[in-house]
$ cat coords38.txt   # compact mmCIF, N, CA and C atoms
# COMPACT_ATOMS: atom_id res chain seq x y z
N MET T 1 5.58 -35.97 -29.92
CA MET T 1 6.01 -35.72 -28.56
C MET T 1 6.38 -34.25 -28.34
N LYS T 2 7.11 -33.66 -29.34
CA LYS T 2 7.52 -32.26 -29.21
C LYS T 2 6.30 -31.34 -29.27
N ILE T 3 5.34 -31.67 -30.10
CA ILE T 3 4.13 -30.85 -30.20
C ILE T 3 3.37 -30.87 -28.88
N PHE T 4 3.32 -32.02 -28.23
CA PHE T 4 2.65 -32.13 -26.94
C PHE T 4 3.33 -31.24 -25.90
N ASN T 5 4.66 -31.22 -25.88
CA ASN T 5 5.40 -30.38 -24.93
C ASN T 5 5.18 -28.89 -25.21
N VAL T 6 5.11 -28.52 -26.48
CA VAL T 6 4.87 -27.12 -26.84
C VAL T 6 3.47 -26.70 -26.39
N ILE T 7 2.48 -27.54 -26.65
CA ILE T 7 1.11 -27.24 -26.23
C ILE T 7 1.02 -27.15 -24.71
N LYS T 8 1.70 -28.05 -24.03
CA LYS T 8 1.71 -28.05 -22.57
C LYS T 8 2.36 -26.76 -22.04
N ALA T 9 3.46 -26.34 -22.64
CA ALA T 9 4.15 -25.12 -22.20
C ALA T 9 3.29 -23.89 -22.46
N LEU T 10 2.65 -23.82 -23.62
CA LEU T 10 1.78 -22.68 -23.93
C LEU T 10 0.58 -22.62 -22.98
N THR T 11 -0.02 -23.77 -22.69
CA THR T 11 -1.15 -23.81 -21.77
C THR T 11 -0.74 -23.37 -20.37
N THR T 12 0.41 -23.86 -19.91
CA THR T 12 0.92 -23.48 -18.59
C THR T 12 1.19 -21.98 -18.53
N GLY T 13 1.82 -21.44 -19.58
CA GLY T 13 2.09 -20.00 -19.62
C GLY T 13 0.83 -19.17 -19.59
N PHE T 14 -0.18 -19.58 -20.34
CA PHE T 14 -1.45 -18.87 -20.36
C PHE T 14 -2.10 -18.88 -18.99
N LEU T 15 -2.12 -20.05 -18.34
CA LEU T 15 -2.75 -20.15 -17.02
C LEU T 15 -2.01 -19.33 -15.97
N LEU T 16 -0.70 -19.32 -16.03
CA LEU T 16 0.07 -18.49 -15.09
C LEU T 16 -0.22 -17.00 -15.30
N ALA T 17 -0.24 -16.58 -16.56
CA ALA T 17 -0.52 -15.17 -16.85
C ALA T 17 -1.92 -14.78 -16.39
N ALA T 18 -2.89 -15.64 -16.61
CA ALA T 18 -4.27 -15.35 -16.21
C ALA T 18 -4.41 -15.29 -14.70
N SER T 19 -3.71 -16.15 -13.98
CA SER T 19 -3.83 -16.17 -12.52
C SER T 19 -3.18 -14.94 -11.91
N CYS T 20 -2.06 -14.48 -12.45
CA CYS T 20 -1.40 -13.27 -11.93
C CYS T 20 -2.27 -12.05 -12.16
N SER T 21 -2.92 -11.99 -13.30
CA SER T 21 -3.81 -10.86 -13.59
C SER T 21 -4.97 -10.82 -12.61
N ALA T 22 -5.53 -11.97 -12.30
CA ALA T 22 -6.66 -12.02 -11.37
C ALA T 22 -6.22 -11.61 -9.97
N LEU T 23 -5.04 -12.00 -9.54
CA LEU T 23 -4.56 -11.66 -8.21
C LEU T 23 -4.26 -10.16 -8.09
N SER T 24 -3.80 -9.54 -9.15
CA SER T 24 -3.47 -8.12 -9.07
C SER T 24 -4.70 -7.26 -8.90
N HIS T 25 -5.88 -7.78 -9.20
CA HIS T 25 -7.13 -7.03 -9.04
C HIS T 25 -7.97 -7.59 -7.90
N ALA T 26 -7.33 -8.19 -6.92
CA ALA T 26 -8.05 -8.82 -5.82
C ALA T 26 -8.66 -7.79 -4.87
N GLY T 27 -8.16 -6.55 -4.86
CA GLY T 27 -8.74 -5.52 -4.01
C GLY T 27 -7.87 -5.22 -2.80
N HIS T 28 -8.39 -4.36 -1.95
CA HIS T 28 -7.66 -3.94 -0.75
C HIS T 28 -7.83 -4.96 0.36
N GLY T 29 -6.86 -5.00 1.25
CA GLY T 29 -6.92 -5.90 2.38
C GLY T 29 -7.68 -5.31 3.56
N SER T 30 -8.01 -4.02 3.51
CA SER T 30 -8.74 -3.40 4.62
C SER T 30 -9.74 -2.38 4.09
N ASN T 31 -10.53 -1.85 4.98
CA ASN T 31 -11.52 -0.83 4.63
C ASN T 31 -10.98 0.58 4.83
N ALA T 32 -9.71 0.72 5.17
CA ALA T 32 -9.13 2.03 5.49
C ALA T 32 -9.33 3.07 4.39
N PRO T 33 -9.16 2.75 3.09
CA PRO T 33 -9.36 3.79 2.07
C PRO T 33 -10.78 4.35 2.04
N TRP T 34 -11.76 3.54 2.34
CA TRP T 34 -13.15 4.00 2.36
C TRP T 34 -13.45 4.75 3.66
N GLU T 35 -12.94 4.25 4.78
CA GLU T 35 -13.18 4.90 6.07
C GLU T 35 -12.55 6.28 6.11
N ALA T 36 -11.44 6.49 5.38
CA ALA T 36 -10.77 7.79 5.37
C ALA T 36 -11.63 8.88 4.74
N CYS T 37 -12.63 8.50 3.95
CA CYS T 37 -13.47 9.48 3.25
C CYS T 37 -14.92 9.47 3.73
N GLU T 38 -15.21 8.80 4.83
CA GLU T 38 -16.60 8.70 5.29
C GLU T 38 -17.25 10.06 5.53
N ALA T 39 -16.53 10.99 6.12
CA ALA T 39 -17.12 12.30 6.44
C ALA T 39 -16.54 13.40 5.56
N LYS T 40 -16.09 13.06 4.35
CA LYS T 40 -15.46 14.04 3.48
C LYS T 40 -16.20 14.16 2.16
N ALA T 41 -15.84 15.19 1.41
CA ALA T 41 -16.43 15.43 0.09
C ALA T 41 -15.47 14.98 -1.00
N ILE T 42 -15.98 14.87 -2.21
CA ILE T 42 -15.15 14.46 -3.34
C ILE T 42 -14.02 15.47 -3.55
N ASN T 43 -12.84 15.00 -3.90
CA ASN T 43 -11.61 15.78 -4.12
C ASN T 43 -11.01 16.38 -2.85
N GLU T 44 -11.54 16.04 -1.70
CA GLU T 44 -10.98 16.52 -0.43
C GLU T 44 -9.77 15.65 -0.08
N ASP T 45 -8.76 16.27 0.54
CA ASP T 45 -7.56 15.53 0.94
C ASP T 45 -7.89 14.46 1.97
N CYS T 46 -7.19 13.32 1.89
CA CYS T 46 -7.41 12.24 2.84
C CYS T 46 -6.12 11.46 3.03
N SER T 47 -6.07 10.66 4.09
CA SER T 47 -4.93 9.78 4.33
C SER T 47 -5.37 8.64 5.22
N TYR T 48 -4.64 7.55 5.14
CA TYR T 48 -4.90 6.39 5.98
C TYR T 48 -3.61 5.60 6.14
N THR T 49 -3.55 4.79 7.18
CA THR T 49 -2.37 3.96 7.40
C THR T 49 -2.73 2.50 7.16
N SER T 50 -1.76 1.80 6.64
CA SER T 50 -1.90 0.37 6.40
C SER T 50 -0.57 -0.27 6.76
N HIS T 51 -0.58 -1.09 7.78
CA HIS T 51 0.63 -1.73 8.30
C HIS T 51 1.59 -0.65 8.75
N ASP T 52 2.75 -0.49 8.11
CA ASP T 52 3.73 0.51 8.54
C ASP T 52 3.86 1.64 7.52
N LYS T 53 2.83 1.85 6.71
CA LYS T 53 2.89 2.89 5.68
C LYS T 53 1.66 3.81 5.74
N LYS T 54 1.89 5.08 5.39
CA LYS T 54 0.80 6.06 5.35
C LYS T 54 0.55 6.43 3.90
N ALA T 55 -0.71 6.34 3.47
CA ALA T 55 -1.10 6.71 2.12
C ALA T 55 -1.82 8.05 2.17
N THR T 56 -1.49 8.95 1.26
CA THR T 56 -2.09 10.27 1.19
C THR T 56 -2.63 10.49 -0.21
N GLY T 57 -3.83 11.04 -0.30
CA GLY T 57 -4.44 11.28 -1.60
C GLY T 57 -5.66 12.15 -1.49
N THR T 58 -6.63 11.90 -2.37
CA THR T 58 -7.89 12.64 -2.36
C THR T 58 -9.06 11.67 -2.44
N CYS T 59 -10.19 12.10 -1.95
CA CYS T 59 -11.40 11.27 -1.98
C CYS T 59 -11.99 11.29 -3.39
N GLN T 60 -12.21 10.10 -3.93
CA GLN T 60 -12.77 9.95 -5.28
C GLN T 60 -13.95 9.00 -5.22
N ALA T 61 -14.90 9.17 -6.12
CA ALA T 61 -16.10 8.35 -6.15
C ALA T 61 -15.82 7.02 -6.86
N MET T 62 -16.08 5.92 -6.15
CA MET T 62 -15.95 4.58 -6.70
C MET T 62 -17.28 3.86 -6.45
N ASN T 63 -18.05 3.62 -7.50
CA ASN T 63 -19.36 2.99 -7.36
C ASN T 63 -20.26 3.74 -6.38
N LYS T 64 -20.27 5.07 -6.52
CA LYS T 64 -21.10 5.96 -5.71
C LYS T 64 -20.71 6.00 -4.23
N VAL T 65 -19.51 5.52 -3.89
CA VAL T 65 -18.98 5.59 -2.53
C VAL T 65 -17.61 6.25 -2.62
N LEU T 66 -17.31 7.16 -1.69
CA LEU T 66 -16.02 7.82 -1.71
C LEU T 66 -14.92 6.92 -1.15
N MET T 67 -13.76 6.98 -1.80
CA MET T 67 -12.61 6.18 -1.42
C MET T 67 -11.38 7.06 -1.53
N CYS T 68 -10.45 6.91 -0.59
CA CYS T 68 -9.20 7.67 -0.62
C CYS T 68 -8.28 7.03 -1.67
N VAL T 69 -8.01 7.79 -2.73
CA VAL T 69 -7.14 7.31 -3.81
C VAL T 69 -5.79 7.99 -3.66
N ARG T 70 -4.76 7.19 -3.51
CA ARG T 70 -3.41 7.70 -3.26
C ARG T 70 -2.89 8.42 -4.50
N ASN T 71 -2.34 9.64 -4.27
CA ASN T 71 -1.72 10.38 -5.37
C ASN T 71 -0.32 10.87 -5.00
N LYS T 72 0.18 10.40 -3.86
CA LYS T 72 1.53 10.71 -3.40
C LYS T 72 2.22 9.40 -3.03
N PRO T 73 3.54 9.39 -3.01
CA PRO T 73 4.24 8.16 -2.62
C PRO T 73 3.89 7.74 -1.19
N LEU T 74 3.93 6.44 -0.94
CA LEU T 74 3.69 5.93 0.41
C LEU T 74 4.78 6.43 1.35
N GLU T 75 4.40 6.80 2.57
CA GLU T 75 5.36 7.23 3.58
C GLU T 75 5.53 6.09 4.57
N LYS T 76 6.78 5.73 4.85
CA LYS T 76 7.04 4.67 5.81
C LYS T 76 6.99 5.26 7.21
N LEU T 77 6.20 4.64 8.08
CA LEU T 77 6.08 5.09 9.45
C LEU T 77 7.06 4.31 10.32
N ILE T 78 7.84 5.02 11.10
CA ILE T 78 8.82 4.36 11.98
C ILE T 78 8.50 4.74 13.42
N ASP T 79 8.25 3.75 14.23
CA ASP T 79 8.05 3.99 15.65
C ASP T 79 9.40 4.29 16.29
N LYS T 80 9.41 5.11 17.33
CA LYS T 80 10.66 5.42 18.01
C LYS T 80 11.29 4.15 18.59
N ALA T 81 10.48 3.20 18.96
CA ALA T 81 11.01 1.97 19.54
C ALA T 81 11.78 1.14 18.51
N THR T 82 11.54 1.37 17.23
CA THR T 82 12.23 0.58 16.21
C THR T 82 13.41 1.31 15.60
N GLN T 83 13.71 2.54 16.06
CA GLN T 83 14.84 3.26 15.53
C GLN T 83 16.13 2.61 16.01
N PRO T 84 17.22 2.73 15.24
CA PRO T 84 18.50 2.17 15.66
C PRO T 84 18.96 2.77 16.98
N ALA T 85 19.70 2.00 17.74
CA ALA T 85 20.18 2.44 19.06
C ALA T 85 21.02 3.70 18.97
N SER T 86 21.78 3.89 17.89
CA SER T 86 22.61 5.09 17.75
C SER T 86 21.76 6.35 17.71
N ASP T 87 20.60 6.30 17.09
CA ASP T 87 19.69 7.45 17.06
C ASP T 87 19.13 7.74 18.44
N GLN T 88 18.81 6.70 19.20
CA GLN T 88 18.25 6.88 20.52
C GLN T 88 19.28 7.51 21.46
N LYS T 89 20.53 7.08 21.38
CA LYS T 89 21.58 7.64 22.24
C LYS T 89 21.81 9.11 21.92
N GLN T 90 21.78 9.45 20.64
CA GLN T 90 21.99 10.83 20.24
C GLN T 90 20.88 11.72 20.80
N SER T 91 19.64 11.26 20.79
CA SER T 91 18.55 12.08 21.30
C SER T 91 18.67 12.28 22.81
N VAL T 92 19.18 11.28 23.52
CA VAL T 92 19.37 11.41 24.96
C VAL T 92 20.48 12.42 25.24
N LYS T 93 21.56 12.40 24.49
CA LYS T 93 22.66 13.36 24.67
C LYS T 93 22.19 14.79 24.43
N SER T 94 21.35 14.97 23.39
CA SER T 94 20.90 16.32 23.10
C SER T 94 20.00 16.85 24.22
N LEU T 95 19.27 15.99 24.91
CA LEU T 95 18.45 16.41 26.04
C LEU T 95 19.33 16.76 27.23
N ALA T 96 20.42 16.05 27.42
CA ALA T 96 21.30 16.29 28.57
C ALA T 96 22.01 17.63 28.46
N LYS T 97 22.26 18.12 27.26
CA LYS T 97 22.96 19.39 27.06
C LYS T 97 22.09 20.59 27.40
N ARG T 98 20.79 20.41 27.42
CA ARG T 98 19.89 21.55 27.67
C ARG T 98 19.87 21.92 29.08

$ encode --input "coords38.txt" --output "structure tokens"
Amino acid sequence: MKIFNVIKALTTGFLLAASCSALSHAGHGSNAPWEACEAKAINEDCSYTSHDKKATGTCQAMNKVLMCVRNKPLEKLIDKATQPASDQKQSVKSLAKR
């Protein structure tokens, strides 16, 4: 009985590890990295946005197609409409003083 449980645990662990590895290489959710390099040359600077983040890097060849490969940290994009109310009030006050 104990041997069966050990084999079951090892099999489950192997399958979980294999599934996580496959998911981590699933690819990009959009075409933005490729579109960012459509009219650019290799090693040229590029950037693209995905959801609320901006990726910045250089165009690199991937399977004979250029793709923007990030080489800087992601930048979080914040719309003015989503800034805290305290920031919005401060900007209005600074305009009133002018």

$ residues_around --input "coords38.txt" --residues "segment 57-66 of chain T" --least-positions-apart "5" --cutoff "8 Å" --atoms "only C-alpha atoms" --output "list of chain:residue names"
T:Trp34, T:Cys37, T:Glu38, T:Lys40, T:Ala41, T:Ile42, T:Asn43, T:Glu44, T:Asp45, T:Cys46, T:Ser47, T:Asn71, T:Lys72

$ atom_distance --input "coords38.txt" --atom1 "atom N of Lys53 of chain T" --atom2 "atom C of Ser30 of chain T"
13.5 Å

$ atom_distance --input "coords38.txt" --atom1 "atom C of Met67 of chain T" --atom2 "atom N of Asp52 of chain T"
18.7 Å

$ atom_distance --input "coords38.txt" --atom1 "atom CA of Gly29 of chain T" --atom2 "atom CA of Pro73 of chain T"
18.6 Å

$ closest_residue --input "coords38.txt" --among "T:Met1, T:Ala9, T:Leu77, T:Val69" --to "Pro33 of chain T" --atoms "all atoms listed in the file"
T:Val69

$ closest_residue --input "coords38.txt" --among "T:Thr12, T:Leu74, T:Glu35, T:Cys68" --to "Ala55 of chain T" --atoms "only C-alpha atoms"
T:Leu74

$ select_by_dssp --input "coords38.txt" --residues "segment 40-83 of chain T" --states "strand (DSSP E)" --output "number ranges by chain"
T: 45-50, 53-62, 65-70, 75-76
